[in-house]
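> The following file, final13.cif, comprises mmCIF, C-alpha atoms:
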```
data_model
loop_
_atom_site.label_atom_id
_atom_site.label_comp_id
_atom_site.auth_asym_id
_atom_site.auth_seq_id
_atom_site.Cartn_x
_atom_site.Cartn_y
_atom_site.Cartn_z
CA MET A 13 185.54 64.26 124.33
CA ALA A 14 188.34 66.88 124.30
CA SER A 15 190.10 65.05 127.17
CA ASP A 16 190.00 61.76 125.24
CA VAL A 17 191.58 63.43 122.21
CA ARG A 18 194.32 64.91 124.43
CA ASP A 19 195.01 61.46 125.95
CA ILE A 20 195.27 59.90 122.49
CA LEU A 21 197.66 62.63 121.30
CA GLN A 22 199.51 62.57 124.67
CA LEU A 23 198.92 66.26 125.27
CA PRO A 24 198.81 67.86 128.76
CA GLN A 25 195.48 68.79 130.28
CA ASP A 26 195.57 72.63 130.16
CA GLY A 27 191.94 73.59 130.93
CA PRO A 28 189.42 72.06 133.30
CA THR A 29 187.76 68.89 132.23
CA THR A 30 184.09 68.54 131.44
CA SER A 31 183.45 66.74 134.69
CA ASN A 32 185.08 69.56 136.63
CA ILE A 33 183.03 72.17 134.72
CA ARG A 34 179.81 70.32 135.45
CA ARG A 35 180.79 69.95 139.07
CA ALA A 36 181.59 73.66 139.35
CA ALA A 37 178.36 74.69 137.63
CA ARG A 38 176.26 72.95 140.26
CA PRO A 39 175.37 75.30 143.09
CA GLU A 40 176.08 74.10 146.56
CA ARG A 41 172.95 73.30 148.44
CA GLU A 42 172.55 74.77 151.86
CA LYS A 43 172.14 72.20 154.56
CA ARG A 44 168.84 72.20 156.39
CA PRO A 45 169.34 72.81 160.12
CA ASP A 46 168.00 70.40 162.62
CA GLY A 47 164.54 70.96 164.04
CA ILE A 48 163.12 72.67 160.90
CA ASN A 49 160.77 70.92 158.54
CA ARG A 50 161.67 70.67 154.87
CA GLU A 51 158.59 72.58 153.73
CA LEU A 52 159.25 75.42 156.15
CA PHE A 53 162.90 75.59 155.12
CA ALA A 54 161.88 75.81 151.44
CA LEU A 55 159.52 78.70 152.22
CA THR A 56 162.11 80.71 154.13
CA GLY A 57 164.56 80.55 151.26
CA GLY A 58 167.39 79.46 153.45
CA ALA A 59 169.11 80.87 156.47
CA PRO A 60 169.17 84.65 156.95
CA PRO A 61 172.36 86.55 156.00
CA LEU A 62 174.84 87.23 158.78
CA THR A 63 175.39 90.92 157.78
CA LEU A 64 172.79 93.62 157.08
CA SER A 65 173.07 95.57 153.78
CA ARG A 66 171.91 99.19 153.51
CA PRO A 67 169.77 100.16 150.48
CA THR A 68 171.34 102.41 147.86
CA TYR A 69 169.62 105.34 146.10
CA LYS A 70 170.29 107.19 142.85
CA ALA A 71 172.40 110.24 143.08
CA ARG A 72 170.67 113.56 142.76
CA PRO A 73 170.94 115.15 139.30
CA SER A 74 173.29 118.05 139.02
CA LYS A 75 170.81 120.04 136.82
CA LYS A 76 169.20 122.98 138.56
CA VAL A 77 165.42 123.33 138.65
CA THR A 78 163.95 126.32 136.79
CA PRO A 79 161.96 128.50 139.16
CA TRP A 80 158.41 129.70 138.37
CA GLU A 81 157.26 133.28 138.65
CA TRP A 82 153.87 134.98 139.06
CA LYS A 83 153.65 137.41 136.13
CA PRO A 84 150.90 139.66 134.74
CA PHE A 85 149.60 139.40 131.18
CA THR A 86 146.96 140.90 128.86
CA ASN A 87 144.76 139.06 126.34
CA PRO A 88 144.68 140.69 122.88
CA ALA A 89 141.17 139.31 122.38
CA ARG A 90 139.85 141.69 125.01
CA ILE A 91 139.33 145.35 124.26
CA ASP A 92 139.00 146.56 127.88
CA GLY A 93 142.71 146.06 128.70
CA LEU A 94 142.10 143.75 131.64
CA VAL A 95 145.36 142.64 133.33
CA LEU A 96 145.47 139.08 134.65
CA HIS A 97 148.27 136.98 136.27
CA HIS A 98 149.52 133.45 135.79
CA TRP A 99 152.53 131.26 136.65
CA VAL A 100 155.31 131.07 134.04
CA LYS A 101 158.91 129.91 134.04
CA SER A 102 161.51 132.52 134.84
CA ASN A 103 163.45 131.81 131.65
CA GLN A 104 160.35 132.19 129.43
CA GLU A 105 160.29 135.40 127.42
CA ASP A 106 157.34 137.74 127.71
CA GLY A 107 155.36 137.65 124.50
CA GLU A 108 151.84 137.40 123.17
CA TYR A 109 149.44 135.32 125.17
CA HIS A 110 149.62 131.84 123.59
CA PHE A 111 145.83 131.32 123.70
CA ALA A 112 145.22 134.48 121.69
CA LYS A 113 145.70 132.53 118.42
CA PHE A 114 142.37 130.81 119.00
CA ASN A 115 140.52 134.11 118.84
CA LYS A 116 138.88 134.04 115.38
CA PRO A 117 136.51 137.00 114.99
CA VAL A 118 133.61 136.69 112.54
CA GLN A 119 133.82 138.91 109.49
CA ILE A 120 130.61 140.92 109.16
CA ILE A 121 129.93 142.92 106.05
CA LYS A 122 129.99 146.70 106.42
CA TYR A 123 128.00 149.28 104.52
CA THR A 124 128.43 152.96 103.79
CA ASP A 125 125.93 155.80 104.02
CA ALA A 126 125.46 155.89 100.26
CA GLU A 127 124.86 152.13 100.07
CA TYR A 128 122.35 152.29 102.92
CA GLN A 129 120.38 155.09 101.31
CA LYS A 130 120.41 153.38 97.91
CA TYR A 131 119.87 149.68 98.77
CA LEU A 132 119.16 149.09 102.47
CA GLU A 133 116.37 151.45 103.48
CA ASP A 134 113.43 149.66 105.13
CA PRO A 135 110.29 151.27 106.64
CA GLY A 136 110.37 148.81 109.55
CA TRP A 137 114.01 149.49 110.45
CA THR A 138 115.85 152.75 111.06
CA ARG A 139 119.50 153.39 110.40
CA GLU A 140 120.30 153.62 114.14
CA GLU A 141 118.59 150.32 114.93
CA THR A 142 120.30 148.59 112.02
CA ASP A 143 123.69 149.83 113.22
CA TYR A 144 122.84 148.67 116.74
CA LEU A 145 121.90 145.20 115.47
CA PHE A 146 125.10 144.81 113.44
CA SER A 147 127.23 145.95 116.38
CA LEU A 148 125.70 143.28 118.63
CA LEU A 149 126.13 140.64 115.97
CA GLU A 150 129.80 141.53 115.60
CA LYS A 151 130.27 141.55 119.37
CA TYR A 152 128.65 138.15 119.97
CA ASP A 153 129.86 136.41 116.76
CA ILE A 154 126.38 136.29 115.12
CA ARG A 155 124.88 134.26 117.97
CA PHE A 156 121.28 135.34 117.52
CA VAL A 157 120.11 133.76 120.78
CA VAL A 158 122.61 135.85 122.78
CA VAL A 159 121.84 138.95 120.72
CA ALA A 160 118.08 138.52 121.32
CA ASP A 161 118.73 138.15 125.05
CA THR A 162 120.78 141.36 125.24
CA TYR A 163 118.83 143.35 122.65
CA ALA A 164 117.68 146.60 124.29
CA PHE A 165 117.05 149.22 121.65
CA PRO A 166 114.74 151.89 123.03
CA GLY A 167 111.20 151.72 121.71
CA SER A 168 111.64 148.48 119.79
CA GLU A 169 111.04 144.78 120.55
CA ARG A 170 112.45 142.34 118.05
CA SER A 171 112.25 138.55 117.83
CA ILE A 172 114.99 136.30 116.59
CA GLU A 173 113.20 135.88 113.26
CA ASP A 174 113.06 139.69 112.77
CA MET A 175 116.79 140.02 113.45
CA LYS A 176 117.65 137.17 111.09
CA GLU A 177 115.47 138.58 108.35
CA ARG A 178 117.11 142.02 108.64
CA TYR A 179 120.68 140.70 108.80
CA TYR A 180 120.37 138.24 105.89
CA GLY A 181 118.42 140.75 103.80
CA VAL A 182 121.08 143.47 104.20
CA THR A 183 123.92 141.05 103.47
CA ARG A 184 122.24 139.63 100.36
CA LYS A 185 121.45 143.08 98.94
CA LEU A 186 125.02 144.29 99.46
CA MET A 187 126.45 141.18 97.77
CA ILE A 188 124.16 141.65 94.79
CA ALA A 189 125.05 145.32 94.53
CA ARG A 190 128.80 144.69 94.85
CA GLU A 191 128.67 141.49 92.74
CA THR A 192 130.73 139.55 95.28
CA GLY A 193 130.20 136.33 97.19
CA GLN A 194 127.23 134.01 96.83
CA PRO A 195 123.97 135.80 97.66
CA SER A 196 121.97 132.55 97.49
CA GLN A 197 123.57 131.43 100.76
CA TYR A 198 121.93 134.33 102.64
CA SER A 199 118.33 133.68 101.61
CA TYR A 200 115.90 133.57 104.54
CA ASN A 201 112.15 132.90 104.73
CA LYS A 202 110.66 134.29 107.93
CA GLU A 203 107.20 132.68 107.57
CA ARG A 204 108.70 129.27 106.91
CA GLU A 205 110.97 129.55 109.94
CA ILE A 206 108.01 130.49 112.18
CA GLU A 207 106.02 127.56 110.84
CA ARG A 208 108.96 125.19 111.43
CA LYS A 209 109.32 126.27 115.06
CA LYS A 210 105.59 125.95 115.61
CA ASN A 211 105.68 122.38 114.27
CA LEU A 212 108.62 121.58 116.53
CA GLU A 213 106.71 122.86 119.55
CA ILE A 214 103.77 120.64 118.61
CA LEU A 215 106.13 117.70 118.17
CA TYR A 216 107.85 118.22 121.52
CA GLY A 217 104.51 118.78 123.29
CA ARG A 218 103.07 115.35 122.49
CA THR A 219 101.90 113.07 125.26
CA ALA A 220 102.88 109.42 125.74
CA GLU A 221 99.54 108.25 124.33
CA GLN A 222 99.97 110.34 121.20
CA ILE A 223 103.49 109.03 120.66
CA LYS A 224 102.28 105.44 121.03
CA GLU A 225 99.39 106.02 118.62
CA GLU A 226 101.75 107.56 116.07
CA GLU A 227 104.07 104.57 116.30
CA ILE A 228 101.12 102.22 115.69
CA LEU A 229 100.05 104.23 112.64
CA TYR A 230 103.61 104.32 111.33
CA ASN A 231 103.98 100.53 111.67
CA GLU A 232 100.64 100.02 109.90
CA LEU A 233 101.69 102.32 107.07
CA ARG A 234 104.98 100.51 106.72
CA ARG A 235 103.20 97.14 106.65
CA ARG A 236 100.88 98.36 103.90
CA ASP A 237 103.80 99.65 101.86
CA GLN A 238 105.54 96.31 102.12
CA LYS A 239 102.35 94.50 101.13
CA GLU A 240 101.88 96.80 98.16
CA GLU A 241 105.46 96.19 97.02
CA LYS A 242 104.87 92.45 97.29
CA LEU A 243 101.70 92.68 95.22
CA VAL A 244 103.48 94.73 92.57
CA LYS A 245 106.26 92.14 92.32
CA GLU A 246 103.74 89.29 92.06
CA ARG A 247 101.80 91.17 89.36
CA GLU A 248 104.98 91.78 87.37
CA SER A 249 106.00 88.13 87.61
CA LEU A 250 102.51 87.06 86.48
CA VAL A 251 102.63 89.44 83.50
CA ARG A 252 106.04 88.06 82.49
CA LEU A 253 104.69 84.53 82.79
CA LEU A 254 101.66 85.31 80.63
CA LYS A 255 103.89 86.91 77.99
CA ASN A 256 106.02 83.78 77.74
CA ILE A 257 103.01 81.42 77.41
CA GLU A 258 101.84 80.89 73.81
CA LEU A 259 98.06 80.83 73.95
CA PRO A 260 96.23 78.58 71.42
CA GLY A 261 94.82 80.47 68.46
CA GLN A 262 97.20 83.43 68.72
CA ALA A 263 100.30 82.20 66.91
CA THR A 264 101.14 79.53 64.38
CA PRO A 265 104.34 77.45 64.18
CA ILE A 266 105.36 78.97 60.89
CA GLY A 267 104.41 82.56 61.60
CA LEU A 268 101.19 82.51 59.44
CA SER A 269 97.79 83.63 60.61
CA ALA A 270 94.71 81.40 60.42
CA ALA A 271 93.34 83.36 57.45
CA ASP A 272 96.57 82.86 55.48
CA LYS A 273 96.54 79.14 56.18
CA ALA A 274 92.91 78.84 55.08
CA LYS A 275 93.67 80.67 51.85
CA LYS A 276 96.63 78.39 51.25
CA ARG A 277 94.58 75.20 51.74
CA LYS A 278 91.83 76.52 49.46
CA SER A 279 94.25 77.43 46.67
CA MET A 280 95.99 74.05 46.89
CA SER A 281 92.70 72.16 46.72
CA ARG A 282 91.68 74.14 43.63
CA SER A 283 95.00 73.66 41.84
CA THR A 284 95.06 69.88 42.47
CA PRO A 285 93.27 67.94 39.70
CA GLU A 286 90.92 65.10 40.47
CA GLY A 287 92.46 61.68 40.67
CA THR A 288 95.86 62.99 41.70
CA PRO A 289 97.33 62.19 45.14
CA THR A 290 98.75 65.16 46.98
CA VAL A 291 101.17 65.40 49.90
CA GLU A 292 100.07 67.74 52.67
CA THR A 293 102.40 69.88 54.74
CA PRO A 294 103.11 68.64 58.26
CA VAL A 295 101.19 71.55 59.76
CA LYS A 296 98.53 70.40 62.21
CA ARG A 297 95.03 71.58 61.49
CA ARG A 298 93.29 73.13 64.44
CA ARG A 299 89.75 72.11 65.15
CA ASP A 300 87.11 74.72 65.48
CA LYS A 301 86.20 74.66 69.17
CA GLY A 302 83.63 77.46 68.92
CA PRO A 303 79.93 76.95 69.59
CA PRO A 304 77.86 75.28 66.85
CA GLU A 305 76.22 77.70 64.51
CA SER A 306 72.47 77.77 64.32
CA PRO A 307 70.75 76.87 61.03
CA GLY A 308 69.65 80.46 60.49
CA THR A 309 73.11 81.90 61.04
CA PRO A 310 75.04 82.52 57.82
CA ALA A 311 78.21 80.50 57.57
CA ARG A 312 81.43 82.45 57.97
CA SER A 313 84.13 81.86 55.42
CA PRO A 314 87.54 80.78 56.75
CA GLU A 315 89.04 83.89 55.19
CA VAL A 316 87.15 86.20 57.59
CA GLU A 317 89.12 86.55 60.79
CA GLU A 318 89.01 89.00 63.65
CA SER A 319 91.48 91.83 63.49
CA PRO A 320 94.67 91.37 65.51
CA GLN A 321 93.96 94.66 67.32
CA LYS A 322 90.81 93.19 68.89
CA ARG A 323 92.50 89.97 69.97
CA GLU A 324 95.58 91.69 71.40
CA LYS A 325 95.69 91.80 75.19
CA LEU A 326 97.58 94.78 76.46
CA PRO A 327 99.78 94.20 79.53
CA MET A 328 99.05 95.94 82.80
CA GLY A 329 100.90 99.18 83.45
CA VAL A 330 103.14 101.11 81.13
CA SER A 331 104.89 99.10 78.42
CA LEU A 332 106.81 99.71 75.23
CA ARG A 333 105.28 99.01 71.85
CA THR A 334 108.33 96.98 70.87
CA SER A 335 107.74 94.61 73.80
CA ARG A 336 104.50 93.45 72.14
CA LEU A 337 106.22 92.38 68.92
CA SER A 338 106.03 88.67 68.19
CA THR A 339 109.12 86.53 68.63
CA VAL A 340 110.76 84.22 66.10
CA LYS A 341 111.24 80.51 66.69
CA THR A 342 114.74 79.45 67.65
CA THR A 343 115.04 77.08 64.68
CA LEU A 344 114.30 79.88 62.20
CA LEU A 345 116.08 82.69 64.02
CA GLN A 346 119.41 82.47 62.21
CA LYS A 347 117.85 82.25 58.74
CA TYR A 348 115.45 85.06 59.64
CA GLN A 349 118.32 87.31 60.75
CA THR A 350 120.27 86.52 57.59
CA MET A 351 117.36 87.40 55.32
CA MET A 352 116.60 90.60 57.23
CA ALA A 353 120.27 91.57 57.01
CA GLU A 354 120.16 91.06 53.24
CA LEU A 355 117.15 93.39 53.13
CA GLY A 356 119.01 95.95 55.25
CA ILE A 357 116.43 95.92 58.08
CA ASN A 358 117.08 95.62 61.79
CA SER A 359 116.11 92.11 62.83
CA VAL A 360 115.60 92.95 66.52
CA GLN A 361 113.13 95.83 66.38
CA PRO A 362 112.33 98.77 64.09
CA ASN A 363 114.38 101.90 64.52
CA MET A 364 111.28 104.12 64.76
CA PRO A 365 108.64 101.92 66.46
CA THR A 366 105.47 103.86 65.74
CA ALA A 367 102.13 102.07 65.44
CA ALA A 368 102.18 102.07 61.63
CA VAL A 369 105.84 101.01 61.47
CA CYS A 370 105.28 98.15 63.94
CA ALA A 371 102.28 96.92 61.94
CA LYS A 372 104.31 96.90 58.71
CA TYR A 373 107.21 95.31 60.54
CA GLU A 374 104.98 92.49 61.80
CA GLU A 375 103.61 91.99 58.30
CA LEU A 376 107.11 91.81 56.85
CA LYS A 377 108.17 89.37 59.58
CA ASP A 378 105.21 87.09 58.81
CA ASN A 379 106.01 87.15 55.10
CA VAL A 380 109.67 86.35 55.70
CA LEU A 381 108.79 83.46 58.01
CA ALA A 382 106.25 82.13 55.54
CA LEU A 383 108.83 82.31 52.77
CA LEU A 384 111.36 80.41 54.90
CA GLU A 385 108.79 77.76 55.75
CA MET A 386 107.77 77.30 52.12
CA LYS A 387 111.39 77.06 51.11
CA LYS A 388 111.93 74.35 53.70
CA HIS A 389 108.98 72.34 52.38
CA LEU A 390 110.17 72.83 48.80
CA ASP A 391 113.60 71.49 49.66
CA ARG A 392 112.03 68.49 51.38
CA ALA A 393 109.76 67.76 48.42
CA GLU A 394 112.66 67.99 45.96
CA GLN A 395 114.71 65.64 48.12
CA GLU A 396 111.88 63.09 48.21
CA LEU A 397 111.46 63.42 44.43
CA ARG A 398 115.14 62.72 43.85
CA VAL A 399 115.00 59.68 46.12
CA ALA A 400 111.93 58.34 44.31
CA GLN A 401 113.51 58.86 40.89
CA ALA A 402 116.68 57.10 42.02
CA LYS A 403 114.69 54.11 43.19
CA GLY A 404 112.67 53.99 39.95
CA GLU A 405 115.77 54.07 37.74
CA GLY A 406 117.71 51.50 39.80
CA GLY A 407 115.46 48.50 40.43
CA GLY A 408 111.93 49.32 39.40
CA ALA A 409 110.13 47.32 36.71
CA ALA A 410 108.85 48.98 33.58
CA GLU A 411 105.20 48.37 34.38
CA GLY A 412 105.65 49.35 37.95
CA GLY A 413 107.38 52.52 36.85
CA GLY A 414 104.53 53.28 34.45
CA ARG A 415 101.98 52.75 37.14
CA ARG A 416 103.96 54.96 39.51
CA SER A 417 104.18 57.70 36.90
CA SER A 418 100.46 57.53 36.25
CA VAL A 419 99.74 57.80 39.94
CA GLY A 420 102.44 60.42 40.59
CA GLY A 421 100.69 62.90 38.31
CA VAL A 422 102.00 66.35 38.97
CA ALA A 423 105.70 66.99 38.68
CA GLY A 424 107.41 67.74 41.95
CA THR A 425 105.03 65.50 43.97
CA PRO A 426 106.84 62.82 46.06
CA THR A 427 106.02 59.23 45.16
CA PRO A 428 104.31 57.39 48.00
CA THR A 429 106.07 54.24 49.26
CA ARG A 430 105.14 51.53 51.70
CA LYS A 431 107.37 52.89 54.46
CA ARG A 432 106.27 56.55 54.13
CA SER A 433 102.78 57.61 55.22
CA ILE A 434 101.14 60.11 52.85
CA ALA A 435 97.80 61.86 52.55
CA VAL A 436 96.02 61.23 49.23
CA SER A 437 93.22 63.12 47.61
CA PRO A 438 89.73 61.74 48.27
CA ALA A 439 89.12 61.62 44.48
CA ILE A 440 91.34 58.52 44.10
CA SER A 441 89.48 55.31 44.37
CA ALA A 442 90.42 52.64 46.86
CA ARG A 443 91.28 50.18 44.07
CA GLU A 444 93.86 52.47 42.47
CA LEU A 445 95.39 53.25 45.86
CA LYS A 446 95.69 49.53 46.68
CA ARG A 447 97.20 48.78 43.25
CA THR A 448 99.74 51.61 43.71
CA ARG A 449 100.83 50.31 47.12
CA ASN A 450 101.20 46.72 45.81
CA ASN A 451 103.35 47.91 42.89
CA GLY A 452 105.49 49.93 45.31
#
```
Can you turn what I pasted into structure tokens?

Amino acid sequence: MASDVRDILQLPQDGPTTSNIRRAARPEREKRPDGINRELFALTGGAPPLTLSRPTYKARPSKKVTPWEWKPFTNPARIDGLVLHHWVKSNQEDGEYHFAKFNKPVQIIKYTDAEYQKYLEDPGWTREETDYLFSLLEKYDIRFVVVADTYAFPGSERSIEDMKERYYGVTRKLMIARETGQPSQYSYNKEREIERKKNLEILYGRTAEQIKEEEILYNELRRRDQKEEKLVKERESLVRLLKNIELPGQATPIGLSAADKAKKRKSMSRSTPEGTPTVETPVKRRRDKGPPESPGTPARSPEVEESPQKREKLPMGVSLRTSRLSTVKTTLLQKYQTMMAELGINSVQPNMPTAAVCAKYEELKDNVLALLEMKKHLDRAEQELRVAQAKGEGGGAAEGGGRRSSVGGVAGTPTPTRKRSIAVSPAISARELKRTRNNG
């Protein structure tokens, strides 16, 4: 493209053209001689060079090599002054042996004559034997196995346990007397150590049959533990399930016991005059499913009930007394909490859940729930009364209104209509009931 621009501008061609550059970049192929196959010529890489080239090597460095010398040395860790030899560089200065820094001697506590006479005297050990033991321990860095192997005090044979007991006892007494260090770290029980080694010898001396039998027993024990854990979990889940199930005859929808409900029905039947229809609460009456009483058996009044303590089923295992408190229905929970808050009482559980406090707490809870339920029924009855009065004032006839008022009877009792099903007292005759429904 540059050549075309130069031709258009009539400029001379200074540099080589692109075609010349491409032609120069191509390497010249060597011609294959006659009598040689193409594959063989490609493997040889072409014809051999006409001249032989000698290989070149790097020049030797001008730096001189430091000579090594055979020099003697002494190790500060040794106390016998032994002289050894090793190779070192000639320019290296003679100093302390560089491996001497790894010599870390163990610090063993020392005692004086006064301290030994006051604190360390033992009838089983003499002063000379104690000094001999501490010198060996310092020499062999408290390696009791090596000390026991080289222990050769005349007239005395000591085991490793005896040496350990003497060493740790002396060290602990000196620390207590000097009030330094931690004496509890140097406590030693000789009998326990002997028993431990004896058990290890028994363990290492077992045969193959004993080892196999022990493995079988261990697997059986582990299987039993797992089975026991499974049974415990199943028992706990069953207990939780039984707690959540509401058994018939143990709780009522409004939090009242059977005796309270019987008293309530009896009082309502007494207060209702004959010939007056009454509206019953929507609480379902439970049928007595017990066995029929014999003619000679005295009839039990509905007010006599078994005590809650006899009917209460305690859960298996250990449990809290507060876990056996009755729960409140979800529909009444908010109102119950509000009323308990107004009374200044904890609505979850009593602060001091003793047996007496829990009993009073349950009684208070039942009374609060009963009060809430009665209030709900009172509001419903008042609403029905207002609806009935509005219908009577709006479109009711005078006679019909009179008949309704005569049938209504007690103030606060909802007027029965054709669309609403009510329960009437058995004292009302069928004719009056039919006349009331026709007028409605």
> Give me the residues near segment 84-88 of chain A as a PyMOL selection string, where near means some atom within 8 Å (using all atoms listed in the file) and where sequence neighbours in that chain fewer than 2 positions away do not count.
chain A and resi 82+90-91+93-98+108-109+112
> Those same residues, written as a JSON list (two decimals), keeping the file's coordinate frame with C-alpha atoms?

```json
[["chain", "number", "residue", "atom", "x", "y", "z"],
["A", 82, "TRP", "CA", 153.87, 134.98, 139.06],
["A", 90, "ARG", "CA", 139.85, 141.69, 125.01],
["A", 91, "ILE", "CA", 139.33, 145.35, 124.26],
["A", 93, "GLY", "CA", 142.71, 146.06, 128.70],
["A", 94, "LEU", "CA", 142.10, 143.75, 131.64],
["A", 95, "VAL", "CA", 145.36, 142.64, 133.33],
["A", 96, "LEU", "CA", 145.47, 139.08, 134.65],
["A", 97, "HIS", "CA", 148.27, 136.98, 136.27],
["A", 98, "HIS", "CA", 149.52, 133.45, 135.79],
["A", 108, "GLU", "CA", 151.84, 137.40, 123.17],
["A", 109, "TYR", "CA", 149.44, 135.32, 125.17],
["A", 112, "ALA", "CA", 145.22, 134.48, 121.69]]
```
> Interatomic distance between atom CA of Met351 of chain A and atom CA of Ser331 of chain A?
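Between atom CA of Met351 of chain A and atom CA of Ser331 of chain A the gap works out to 28.7 Å.
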> Please check which residues have atoms at most 12 Å from (124.0, 138.8, 118.9) in the file's coordinates, counting all atoms listed in the file, and write them as a PyMOL selection string.
chain A and resi 118+120+144-164+171-172+175-176+179
> Hey, what's within 10 Å of Arg190 of chain A if we count all atoms listed in the file and toss same-chain stuff fewer than 5 positions away? As a list in words, please?
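Those residues are Glu127, Arg184 and Lys185 of chain A.
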> So what does the PyMOL selection byres ((chain A and resi 381) around 9) actually pick up in this one, as number ranges by chain?
A: 266-268, 340, 344, 348, 376-380, 382-386
> Any chance you could export the current selection's C-alpha atoms as a CSV table (one decimal), in the coordinates of the input?

```csv
chain,number,residue,atom,x,y,z
A,266,ILE,CA,105.4,79.0,60.9
A,267,GLY,CA,104.4,82.6,61.6
A,268,LEU,CA,101.2,82.5,59.4
A,340,VAL,CA,110.8,84.2,66.1
A,344,LEU,CA,114.3,79.9,62.2
A,348,TYR,CA,115.4,85.1,59.6
A,376,LEU,CA,107.1,91.8,56.8
A,377,LYS,CA,108.2,89.4,59.6
A,378,ASP,CA,105.2,87.1,58.8
A,379,ASN,CA,106.0,87.2,55.1
A,380,VAL,CA,109.7,86.4,55.7
A,382,ALA,CA,106.2,82.1,55.5
A,383,LEU,CA,108.8,82.3,52.8
A,384,LEU,CA,111.4,80.4,54.9
A,385,GLU,CA,108.8,77.8,55.8
A,386,MET,CA,107.8,77.3,52.1
```
> Do you have the atom CA of Glu375 of chain A-atom CA of Ala393 of chain A distance handy?
26.9 Å
> From the set A:Thr124, A:Lys130, A:Trp80, A:Gly107, which residue has the shortest atom-to-atom contact distance to Asp143 of chain A, counting only C-alpha atoms?
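Ranking A:Thr124, A:Lys130, A:Trp80, A:Gly107 by distance to Asp143 of chain A, first place goes to A:Thr124.
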> Applying 12 Å and all atoms listed in the file, which residues near Leu132 of chain A remain after dropping the ones on its own chain fewer than 3 positions away? List them as JSON, numbers by chain.
{"A": [122, 123, 124, 125, 126, 127, 128, 129, 135, 136, 137, 138, 139, 142, 143, 178, 179, 180, 181, 182, 183, 184, 185, 186, 187, 188, 189]}
> List the spatial neighbours of Arg44 of chain A as a compact mmCIF listing (two decimals) with C-alpha atoms, in the frame of the given file - criterion: any atom at most 8 Å away, all atoms listed in the file, same-chain residues fewer than 2 positions off excluded.

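Below you can see result02.txt, which holds the result:
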```txt
# COMPACT_ATOMS: atom_id res chain seq x y z
CA GLU A 42 172.55 74.77 151.86
CA ASP A 46 168.00 70.40 162.62
CA ILE A 48 163.12 72.67 160.90
CA ARG A 50 161.67 70.67 154.87
CA PHE A 53 162.90 75.59 155.12
CA GLY A 58 167.39 79.46 153.45
```
> Between A:Ala89, A:Met352, A:Lys224, A:Thr56, which is the closest to Pro117 of chain A once you count all atoms listed in the file?
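Closest candidate: A:Ala89.
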> Using atom CA of Pro365 of chain A and atom CA of Arg333 of chain A as the two end points, give the distance in Å to one decimal.
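Rounded to one decimal, the two atoms are 7.0 Å apart.
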